[in-house]
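Structure, as structure tokens:
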Amino acid sequence: MKHRHSMKVIGWTGLKSITRRCVCGHEVSRPMTKREIWARKKADLSDEVESQRQNRVCHEFDRTFRVLENRPVTIGGKKVKSLVDTGWKYEGYEFMSRVRKWAKKYPNDVYICGIDDAHFASSDIVFILHRPSPKRIWGTTVIVITQCDGKPPKEFFMYPGHASGILETLQEIGKLKSRFP
Ligand SMILES: [Zn+2]
């Protein structure tokens with residue numbers, strides 16, 4: 001059908017060319033203008049700032065509690081040195097105590113709940129929020145630190161959708177009566 005193309009930007013090749021496409025599939029690439037390059041650089045910068053902000057607390061957690069080693073890794077066929085997470089500096093009770101102390105600095109970003117490990121020893125589940133702004137969340141890093149089972153801490157990541165699913169389940173469980181009044 002004959003129509004007037006309605007071109008929308010669909011991508012960039014580095015800072016060189018810009019590609020626009022119409023819903024009909026008609027596509028045009030052309031070199032970026034100085035102004036577009038400037039706008040693109042600015043957008044990249046603000047993405048970088050947002051990423052730094054939302055991962056700030058987690059990055060500090062990493063630096064404080066993970067063993068990070070500079071190791072050679074292969075990226076795109078090239079050997080480069082990169083910081084690799086090779087384990088935890090602490091585990092069990094010592095880790096729990098250190099994290100509780102550290103978490104006091106971040107009352108709005110780090111939450112700790114009590115659980116028991118397989119030996120019924122008090123243990124912690126630590127939630128570290130990735131928040132780009134006070135009212136928004138990107139996801140949550142969760143670390144389970146058991147006290148007495150000799151197993152290393154285990155971590156997982158939740159997007160808000162995962163958190164909602166877990167929350168629904170916990171609410172169902174929470175409605176049940178305890179055997180012990
Ligand atoms: Zn078109």
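Going by the structure tokens order, chains are called A, B, ..., each with residues numbered from 1, while ligands are numbered from 1 in the order shown.
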
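All residues of protein, DNA or RNA that reach within 9 Å of region 53-62 of chain A, judged by only C-alpha atoms and not counting those fewer than 5 positions away in the chain, are Glu48, Val67, Leu68, Asp85, Val99, Trp102, Tyr106, Asp109, Val110, Ile128, Leu129, His130, Arg131, Pro132, Ser133, Ile137, Trp138 and Thr141 of chain A.
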
Next on the checklist: Let me see if you get this right: every residue at most 6 Å from ligand 1, counting only C-alpha atoms and all ligand atoms, written as a PyMOL selection string.
Outcome noted: chain A and resi 5-6+22-24+26

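In this comparison, which uses only C-alpha atoms, the residue of A:Glu172, A:Asp149, A:Asp124, A:Asp117 approaching Arg98 (chain A) most closely is A:Asp124.
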
Item to check | Close residues, Phe157 (chain A) itself excluded, 12 Å, only C-alpha atoms, min 2 positions apart in chain, as a ChimeraX atom specification | outcome: /A:58,126-130,138-144,154-155,159-163

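What separates CA of Thr146 (chain A) from CA of Ile166 (chain A) is a distance of 20.1 Å.
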
Checklist entry - Taking the backbone alone, and naming residues the way the document does, which bits of region 40-77 of chain A are strand (DSSP E) by DSSP, as a list of chain:residue names? => result A:Arg66, A:Val67, A:Leu68, A:Glu69, A:Asn70, A:Arg71, A:Pro72, A:Val73, A:Thr74, A:Ile75

Residues of region 41-155 of chain A classed as helix (DSSP H, G or I) by DSSP on the backbone are to be reported as an mmCIF file with C-alpha atoms, in the first residue's frame.
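As written to disk, states_10.cif reads:
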```
data_model
loop_
_atom_site.group_PDB
_atom_site.id
_atom_site.type_symbol
_atom_site.label_atom_id
_atom_site.label_comp_id
_atom_site.auth_asym_id
_atom_site.auth_seq_id
_atom_site.Cartn_x
_atom_site.Cartn_y
_atom_site.Cartn_z
ATOM 1 C CA LYS A 41 27.126 10.207 24.038
ATOM 2 C CA LYS A 42 24.966 11.975 26.587
ATOM 3 C CA ALA A 43 22.459 9.078 26.663
ATOM 4 C CA ASP A 44 25.291 6.539 27.099
ATOM 5 C CA LEU A 45 26.646 8.595 29.941
ATOM 6 C CA SER A 46 23.298 8.750 31.717
ATOM 7 C CA ASP A 47 22.870 4.946 31.275
ATOM 8 C CA GLU A 48 26.285 4.530 32.854
ATOM 9 C CA VAL A 49 25.388 6.863 35.719
ATOM 10 C CA GLU A 50 22.102 4.999 36.303
ATOM 11 C CA SER A 51 23.844 1.640 36.264
ATOM 12 C CA GLN A 52 26.460 2.884 38.727
ATOM 13 C CA ARG A 53 23.723 4.223 40.973
ATOM 14 C CA GLN A 54 21.528 1.135 40.918
ATOM 15 C CA ARG A 56 26.258 0.986 44.065
ATOM 16 C CA VAL A 57 25.397 -0.942 47.230
ATOM 17 C CA CYS A 58 25.950 -4.330 45.585
ATOM 18 C CA HIS A 59 29.325 -3.223 44.295
ATOM 19 C CA GLU A 60 30.348 -2.218 47.776
ATOM 20 C CA PHE A 61 29.093 -5.553 49.101
ATOM 21 C CA ASP A 62 31.226 -7.296 46.446
ATOM 22 C CA ARG A 63 34.347 -5.344 47.353
ATOM 23 C CA THR A 64 33.812 -6.004 51.063
ATOM 24 C CA PHE A 65 32.859 -9.684 51.060
ATOM 25 C CA GLY A 92 28.906 -18.973 58.704
ATOM 26 C CA TYR A 93 28.567 -16.915 61.851
ATOM 27 C CA GLU A 94 31.457 -14.588 61.055
ATOM 28 C CA PHE A 95 29.940 -13.654 57.688
ATOM 29 C CA MET A 96 26.505 -13.124 59.264
ATOM 30 C CA SER A 97 27.936 -10.797 61.917
ATOM 31 C CA ARG A 98 29.983 -8.797 59.427
ATOM 32 C CA VAL A 99 27.069 -8.392 57.015
ATOM 33 C CA ARG A 100 24.705 -7.282 59.807
ATOM 34 C CA LYS A 101 27.193 -4.627 60.848
ATOM 35 C CA TRP A 102 27.781 -3.496 57.235
ATOM 36 C CA ALA A 103 24.028 -3.433 56.492
#
```

Checklist outcome for this item: re CA of Tyr111 (chain A) and CA of Ile145 (chain A): distance 13.2 Å

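Here CA of Ser178 (chain A) is placed at a distance of 23.4 Å from CA of Ser164 (chain A).
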
When you look at Phe120 (chain A) with a cut-off of 9 Å (counting only C-alpha atoms), what residues show up, excluding the ones that are within fewer than 4 positions of it in the same chain? I need them as a PDB file with N, CA and C atoms, in the first residue's frame.
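Wrote part.pdb, looks like this:
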```
ATOM      1  N   ILE A 115      16.444 -17.072  59.238  1.00  0.00           N
ATOM      2  CA  ILE A 115      15.975 -18.406  58.852  1.00  0.00           C
ATOM      3  C   ILE A 115      16.817 -19.399  59.655  1.00  0.00           C
ATOM      4  N   ASP A 116      16.505 -20.677  59.512  1.00  0.00           N
ATOM      5  CA  ASP A 116      17.356 -21.705  60.126  1.00  0.00           C
ATOM      6  C   ASP A 116      18.061 -22.483  59.029  1.00  0.00           C
ATOM      7  N   CYS A 148      25.854 -23.156  60.431  1.00  0.00           N
ATOM      8  CA  CYS A 148      26.577 -24.324  60.950  1.00  0.00           C
ATOM      9  C   CYS A 148      26.706 -25.514  60.004  1.00  0.00           C
TER      10      CYS A 148
END
```
